[in-house]
Amino acid sequence: MTNTSFPVGFILLGFSEWPQMEKFLFWIVAIFYIMIIFGNLTIIVLSCVDPHLYTPMYFFLSNLSFLELCFTTTTQPQMLLNLWGPEKTITYTGCVIQLCVFLCLGATEGVLLVVMAFDRYVAVCQPLRYMIIMNPPLCWKLAIMAWLSGLMESLIQSPLTLQLSFCAHHRVDDFLCEVPALIRLACEDTSSSERQMTISAILFTILPVGLILTSYGYIAQAVGKIKSEEGRQKAIATCSSHLLVVFMFYGTVAMVYTDPKNNFASKNAKFFTFFYTVVTPFLNPLIYTLRNKEVKQALQRLLKKWDRQ
């Protein structure tokens, strides 16, 4: 049965078929959420207060950290509520807000990762002209472009999804209101929405991955020509951190968004959703801090400064 009126709300099923797992996942998500907040706030604070980190790389990294804070706050509090008790509903307004913000932030992250790859390309392939090319006005323009791209994606994709006629049971087989899950809930022909989402997936996942891999192809050639072992290791360390984040983010998102109704995506969507909404944001600050000597040194300087005070 189809409900053509606006629904009062939706039921987010999540892992309700495995109730024993829900309490365990609640504590995992709660701990991860606290660490995500702490880790990303640390990166933002260090990028703002330490003059050694006043570079384009850390400007974009602090943008990514702020984005991750917004991204997880959009999804994880609702996820924690649903995992804790039997009440798994979300209001229609809450679902709309979550969908729009989630789409905007997800698409923004996709573009921002491309911008960060371009930054690494210039740093490794044009080191003497790096600060001239990546000047502050250009950095701000690239960051604003990433955020505007995400906003445009949300303004286009959200109305197309919300105008679908949803089945009367309103049970969403997911943790949150995202496009693939709502398309699977629709009781009508969704081919046009699926095509639109596939186009968006190509623009914000497949195309960015192609651009990033192209950048790293040139970076690999440049690294091979670096004679200094220390310089080579530094270039590899900063670039490998970014590449690891890229594969974690795009790999799972592409599985869900490229073709939402195929068997594999339908059966495993919630596991992929859990990965890119909980695990990836948790690992990102760890990857960028534990593998980055400059960030660790900046943290040590800040802690010593606080001790002296």
# chains A, B, ... in the order shown; residues from 1 in each chain; ligands from 1
>>> residues_around(residues="Val45 (chain A)", least_positions_apart="4", cutoff="10 Å", atoms="only C-alpha atoms", output="PyMOL selection string")
chain A and resi 40-41+49-50+62+299+302
>>> residues_around(residues="Arg232 (chain A)", least_positions_apart="5", cutoff="12 Å", atoms="only C-alpha atoms", output="VMD selection string")
chain A and resid 124 219 to 227 237 to 240
>>> select_by_dssp(residues="region 155-233 of chain A", states="strand (DSSP E)", output="list in words")
Phe166, Cys167, Arg171 and Val172 of chain A
>>> closest_residue(among="A:Gln196, A:Thr214, A:Thr277, A:Gln76", to="Arg120 (chain A)", atoms="only C-alpha atoms")
A:Thr214
>>> residues_around(residues="Glu17 (chain A)", least_positions_apart="5", cutoff="12 Å", atoms="only C-alpha atoms", output="PDB file with all heavy atoms, in the first residue's frame")
ATOM      1  N   LEU A  12      13.051   3.453  11.772  1.00  0.00           N
ATOM      2  CA  LEU A  12      14.394   3.083  11.334  1.00  0.00           C
ATOM      3  C   LEU A  12      14.743   1.723  11.934  1.00  0.00           C
ATOM      4  O   LEU A  12      15.028   1.626  13.131  1.00  0.00           O
ATOM      5  CB  LEU A  12      15.410   4.154  11.763  1.00  0.00           C
ATOM      6  CG  LEU A  12      15.176   5.561  11.199  1.00  0.00           C
ATOM      7  CD1 LEU A  12      16.128   6.562  11.856  1.00  0.00           C
ATOM      8  CD2 LEU A  12      15.357   5.583   9.694  1.00  0.00           C
ATOM      9  N   GLU A  22      22.360  -4.897  19.478  1.00  0.00           N
ATOM     10  CA  GLU A  22      22.086  -3.459  19.554  1.00  0.00           C
ATOM     11  C   GLU A  22      22.754  -2.791  20.757  1.00  0.00           C
ATOM     12  O   GLU A  22      23.309  -1.703  20.630  1.00  0.00           O
ATOM     13  CB  GLU A  22      20.578  -3.211  19.565  1.00  0.00           C
ATOM     14  CG  GLU A  22      19.924  -3.460  18.230  1.00  0.00           C
ATOM     15  CD  GLU A  22      18.494  -2.981  18.182  1.00  0.00           C
ATOM     16  OE1 GLU A  22      17.731  -3.339  19.106  1.00  0.00           O
ATOM     17  OE2 GLU A  22      18.133  -2.257  17.242  1.00  0.00           O
ATOM     18  N   LEU A  83      19.377   2.574  18.940  1.00  0.00           N
ATOM     19  CA  LEU A  83      20.039   1.377  19.434  1.00  0.00           C
ATOM     20  C   LEU A  83      19.739   1.105  20.908  1.00  0.00           C
ATOM     21  O   LEU A  83      19.767  -0.047  21.350  1.00  0.00           O
ATOM     22  CB  LEU A  83      21.560   1.491  19.245  1.00  0.00           C
ATOM     23  CG  LEU A  83      22.095   1.398  17.811  1.00  0.00           C
ATOM     24  CD1 LEU A  83      23.566   1.780  17.774  1.00  0.00           C
ATOM     25  CD2 LEU A  83      21.906  -0.013  17.243  1.00  0.00           C
ATOM     26  N   PRO A  86      13.470   0.327  22.439  1.00  0.00           N
ATOM     27  CA  PRO A  86      12.551  -0.174  21.407  1.00  0.00           C
ATOM     28  C   PRO A  86      12.016   0.930  20.497  1.00  0.00           C
ATOM     29  O   PRO A  86      11.535   0.648  19.401  1.00  0.00           O
ATOM     30  CB  PRO A  86      11.415  -0.801  22.232  1.00  0.00           C
ATOM     31  CG  PRO A  86      11.456  -0.083  23.544  1.00  0.00           C
ATOM     32  CD  PRO A  86      12.894   0.247  23.792  1.00  0.00           C
ATOM     33  N   ASP A 173      14.754   0.273   6.248  1.00  0.00           N
ATOM     34  CA  ASP A 173      15.711  -0.758   6.643  1.00  0.00           C
ATOM     35  C   ASP A 173      17.120  -0.182   6.670  1.00  0.00           C
ATOM     36  O   ASP A 173      18.000  -0.552   5.890  1.00  0.00           O
ATOM     37  CB  ASP A 173      15.633  -1.941   5.671  1.00  0.00           C
ATOM     38  CG  ASP A 173      16.405  -3.151   6.174  1.00  0.00           C
ATOM     39  OD1 ASP A 173      16.664  -3.219   7.395  1.00  0.00           O
ATOM     40  OD2 ASP A 173      16.754  -4.021   5.360  1.00  0.00           O
ATOM     41  N   ASP A 174      17.318   0.752   7.619  1.00  0.00           N
ATOM     42  CA  ASP A 174      18.605   1.444   7.724  1.00  0.00           C
ATOM     43  C   ASP A 174      18.665   2.131   9.074  1.00  0.00           C
ATOM     44  O   ASP A 174      17.690   2.142   9.841  1.00  0.00           O
ATOM     45  CB  ASP A 174      18.756   2.471   6.596  1.00  0.00           C
ATOM     46  CG  ASP A 174      20.219   2.687   6.193  1.00  0.00           C
ATOM     47  OD1 ASP A 174      21.099   2.514   7.059  1.00  0.00           O
ATOM     48  OD2 ASP A 174      20.483   3.018   5.027  1.00  0.00           O
TER      49      ASP A 174
END
>>> atom_distance(atom1="CA of Val111 (chain A)", atom2="CA of Asn268 (chain A)")
25.5 Å
>>> residues_around(residues="Ile37 (chain A)", least_positions_apart="4", cutoff="12 Å", atoms="only C-alpha atoms", output="PyMOL selection string")
chain A and resi 30-33+41-45+65-73+76+278+281-286
>>> select_by_dssp(residues="region 46-235 of chain A", states="alpha helix (DSSP H)", output="VMD selection string")
chain A and resid 46 to 49 56 to 84 92 to 125 130 to 133 136 to 162 179 to 185 191 to 201 207 to 225 229 to 235
>>> residues_around(residues="Ser241 (chain A)", least_positions_apart="3", cutoff="12 Å", atoms="only C-alpha atoms", output="list in words")
Leu61, Leu113, Met116, Ala117, Arg120, Lys234, Ala235, Ile236, Ala237, Thr238, Leu244, Val245, Val246, Phe247, Met248, Leu283, Asn284, Pro285, Leu286, Ile287, Tyr288, Thr289, Leu290, Arg291, Asn292 and Lys293 of chain A
>>> write_last_selection(atoms="N, CA and C atoms", output="PDB file, in the first residue's frame")
ATOM      1  N   LEU A  61      42.599  20.183   6.011  1.00  0.00           N
ATOM      2  CA  LEU A  61      42.395  19.133   7.009  1.00  0.00           C
ATOM      3  C   LEU A  61      41.448  19.604   8.115  1.00  0.00           C
ATOM      4  N   LEU A 113      37.938  15.956  -0.634  1.00  0.00           N
ATOM      5  CA  LEU A 113      39.020  14.966  -0.775  1.00  0.00           C
ATOM      6  C   LEU A 113      39.752  15.139  -2.102  1.00  0.00           C
ATOM      7  N   MET A 116      42.015  18.134  -1.584  1.00  0.00           N
ATOM      8  CA  MET A 116      43.184  17.747  -0.790  1.00  0.00           C
ATOM      9  C   MET A 116      44.189  16.971  -1.646  1.00  0.00           C
ATOM     10  N   ALA A 117      43.685  16.185  -2.591  1.00  0.00           N
ATOM     11  CA  ALA A 117      44.586  15.466  -3.514  1.00  0.00           C
ATOM     12  C   ALA A 117      45.317  16.455  -4.407  1.00  0.00           C
ATOM     13  N   ARG A 120      48.091  18.022  -2.427  1.00  0.00           N
ATOM     14  CA  ARG A 120      49.245  17.117  -2.324  1.00  0.00           C
ATOM     15  C   ARG A 120      50.018  17.049  -3.646  1.00  0.00           C
ATOM     16  N   LYS A 234      58.627  11.571   3.821  1.00  0.00           N
ATOM     17  CA  LYS A 234      57.653  12.580   4.233  1.00  0.00           C
ATOM     18  C   LYS A 234      56.525  12.679   3.222  1.00  0.00           C
ATOM     19  N   ALA A 235      56.877  12.682   1.939  1.00  0.00           N
ATOM     20  CA  ALA A 235      55.865  12.761   0.875  1.00  0.00           C
ATOM     21  C   ALA A 235      54.954  11.533   0.906  1.00  0.00           C
ATOM     22  N   ILE A 236      55.550  10.365   1.100  1.00  0.00           N
ATOM     23  CA  ILE A 236      54.768   9.124   1.137  1.00  0.00           C
ATOM     24  C   ILE A 236      53.843   9.109   2.353  1.00  0.00           C
ATOM     25  N   ALA A 237      54.329   9.595   3.505  1.00  0.00           N
ATOM     26  CA  ALA A 237      53.534   9.571   4.741  1.00  0.00           C
ATOM     27  C   ALA A 237      52.277  10.437   4.613  1.00  0.00           C
ATOM     28  N   THR A 238      52.459  11.675   4.131  1.00  0.00           N
ATOM     29  CA  THR A 238      51.300  12.579   4.022  1.00  0.00           C
ATOM     30  C   THR A 238      50.325  12.111   2.950  1.00  0.00           C
ATOM     31  N   LEU A 244      44.430   6.533   2.132  1.00  0.00           N
ATOM     32  CA  LEU A 244      43.729   5.581   2.987  1.00  0.00           C
ATOM     33  C   LEU A 244      42.323   6.072   3.302  1.00  0.00           C
ATOM     34  N   VAL A 245      42.202   7.367   3.619  1.00  0.00           N
ATOM     35  CA  VAL A 245      40.897   7.970   3.891  1.00  0.00           C
ATOM     36  C   VAL A 245      40.017   7.916   2.645  1.00  0.00           C
ATOM     37  N   VAL A 246      40.609   8.200   1.492  1.00  0.00           N
ATOM     38  CA  VAL A 246      39.868   8.192   0.222  1.00  0.00           C
ATOM     39  C   VAL A 246      39.243   6.820  -0.043  1.00  0.00           C
ATOM     40  N   PHE A 247      40.039   5.757   0.090  1.00  0.00           N
ATOM     41  CA  PHE A 247      39.529   4.422  -0.207  1.00  0.00           C
ATOM     42  C   PHE A 247      38.478   3.974   0.800  1.00  0.00           C
ATOM     43  N   MET A 248      38.638   4.351   2.076  1.00  0.00           N
ATOM     44  CA  MET A 248      37.640   3.988   3.082  1.00  0.00           C
ATOM     45  C   MET A 248      36.309   4.675   2.807  1.00  0.00           C
ATOM     46  N   LEU A 283      38.204   6.716  12.292  1.00  0.00           N
ATOM     47  CA  LEU A 283      39.576   6.434  11.868  1.00  0.00           C
ATOM     48  C   LEU A 283      40.275   7.656  11.267  1.00  0.00           C
ATOM     49  N   ASN A 284      39.507   8.553  10.641  1.00  0.00           N
ATOM     50  CA  ASN A 284      40.120   9.701   9.952  1.00  0.00           C
ATOM     51  C   ASN A 284      41.085  10.507  10.817  1.00  0.00           C
ATOM     52  N   PRO A 285      40.647  11.020  11.994  1.00  0.00           N
ATOM     53  CA  PRO A 285      41.600  11.807  12.801  1.00  0.00           C
ATOM     54  C   PRO A 285      42.777  10.976  13.290  1.00  0.00           C
ATOM     55  N   LEU A 286      42.552   9.669  13.560  1.00  0.00           N
ATOM     56  CA  LEU A 286      43.660   8.807  13.988  1.00  0.00           C
ATOM     57  C   LEU A 286      44.689   8.659  12.878  1.00  0.00           C
ATOM     58  N   ILE A 287      44.212   8.470  11.649  1.00  0.00           N
ATOM     59  CA  ILE A 287      45.108   8.322  10.503  1.00  0.00           C
ATOM     60  C   ILE A 287      45.934   9.588  10.306  1.00  0.00           C
ATOM     61  N   TYR A 288      45.288  10.746  10.405  1.00  0.00           N
ATOM     62  CA  TYR A 288      45.984  12.001  10.138  1.00  0.00           C
ATOM     63  C   TYR A 288      46.885  12.445  11.285  1.00  0.00           C
ATOM     64  N   THR A 289      46.626  11.956  12.505  1.00  0.00           N
ATOM     65  CA  THR A 289      47.475  12.366  13.626  1.00  0.00           C
ATOM     66  C   THR A 289      48.570  11.349  13.907  1.00  0.00           C
ATOM     67  N   LEU A 290      48.209  10.067  13.967  1.00  0.00           N
ATOM     68  CA  LEU A 290      49.201   9.043  14.306  1.00  0.00           C
ATOM     69  C   LEU A 290      50.243   8.862  13.215  1.00  0.00           C
ATOM     70  N   ARG A 291      49.851   9.166  11.959  1.00  0.00           N
ATOM     71  CA  ARG A 291      50.786   8.985  10.842  1.00  0.00           C
ATOM     72  C   ARG A 291      51.454  10.307  10.433  1.00  0.00           C
ATOM     73  N   ASN A 292      51.207  11.365  11.214  1.00  0.00           N
ATOM     74  CA  ASN A 292      51.701  12.676  10.825  1.00  0.00           C
ATOM     75  C   ASN A 292      52.577  13.263  11.928  1.00  0.00           C
ATOM     76  N   LYS A 293      53.869  13.384  11.647  1.00  0.00           N
ATOM     77  CA  LYS A 293      54.815  13.866  12.635  1.00  0.00           C
ATOM     78  C   LYS A 293      54.548  15.320  13.023  1.00  0.00           C
TER      79      LYS A 293
END
>>> closest_residue(among="A:Thr205, A:Ser47, A:Ser16, A:Thr198", to="Ala298 (chain A)", atoms="only C-alpha atoms")
A:Ser47
>>> atom_distance(atom1="CA of Ile28 (chain A)", atom2="CA of Thr75 (chain A)")
14.4 Å
>>> closest_residue(among="A:Val114, A:Val96, A:Val256, A:Cys125", to="Gln163 (chain A)", atoms="only C-alpha atoms")
A:Val96
>>> residues_around(residues="Cys104 (chain A)", least_positions_apart="2", cutoff="7 Å", atoms="only C-alpha atoms", output="PyMOL selection string")
chain A and resi 100-102+106-108+150-151+153-154
>>> write_last_selection(atoms="C-alpha atoms", output="compact mmCIF listing (two decimals), in the first residue's frame")
# COMPACT_ATOMS: atom_id res chain seq x y z
CA CYS A 100 19.30 17.13 3.37
CA VAL A 101 22.22 17.71 5.75
CA PHE A 102 23.62 14.19 5.23
CA GLY A 106 28.63 13.68 2.10
CA ALA A 107 28.94 15.40 -1.29
CA THR A 108 31.08 18.15 0.26
CA GLY A 150 27.49 19.69 -1.47
CA LEU A 151 24.69 22.22 -1.01
CA GLU A 153 23.67 18.18 -4.54
CA SER A 154 21.37 18.31 -1.52
>>> closest_residue(among="A:Val253, A:Ile90, A:Val29, A:Leu112", to="Ala201 (chain A)", atoms="only C-alpha atoms")
A:Val253
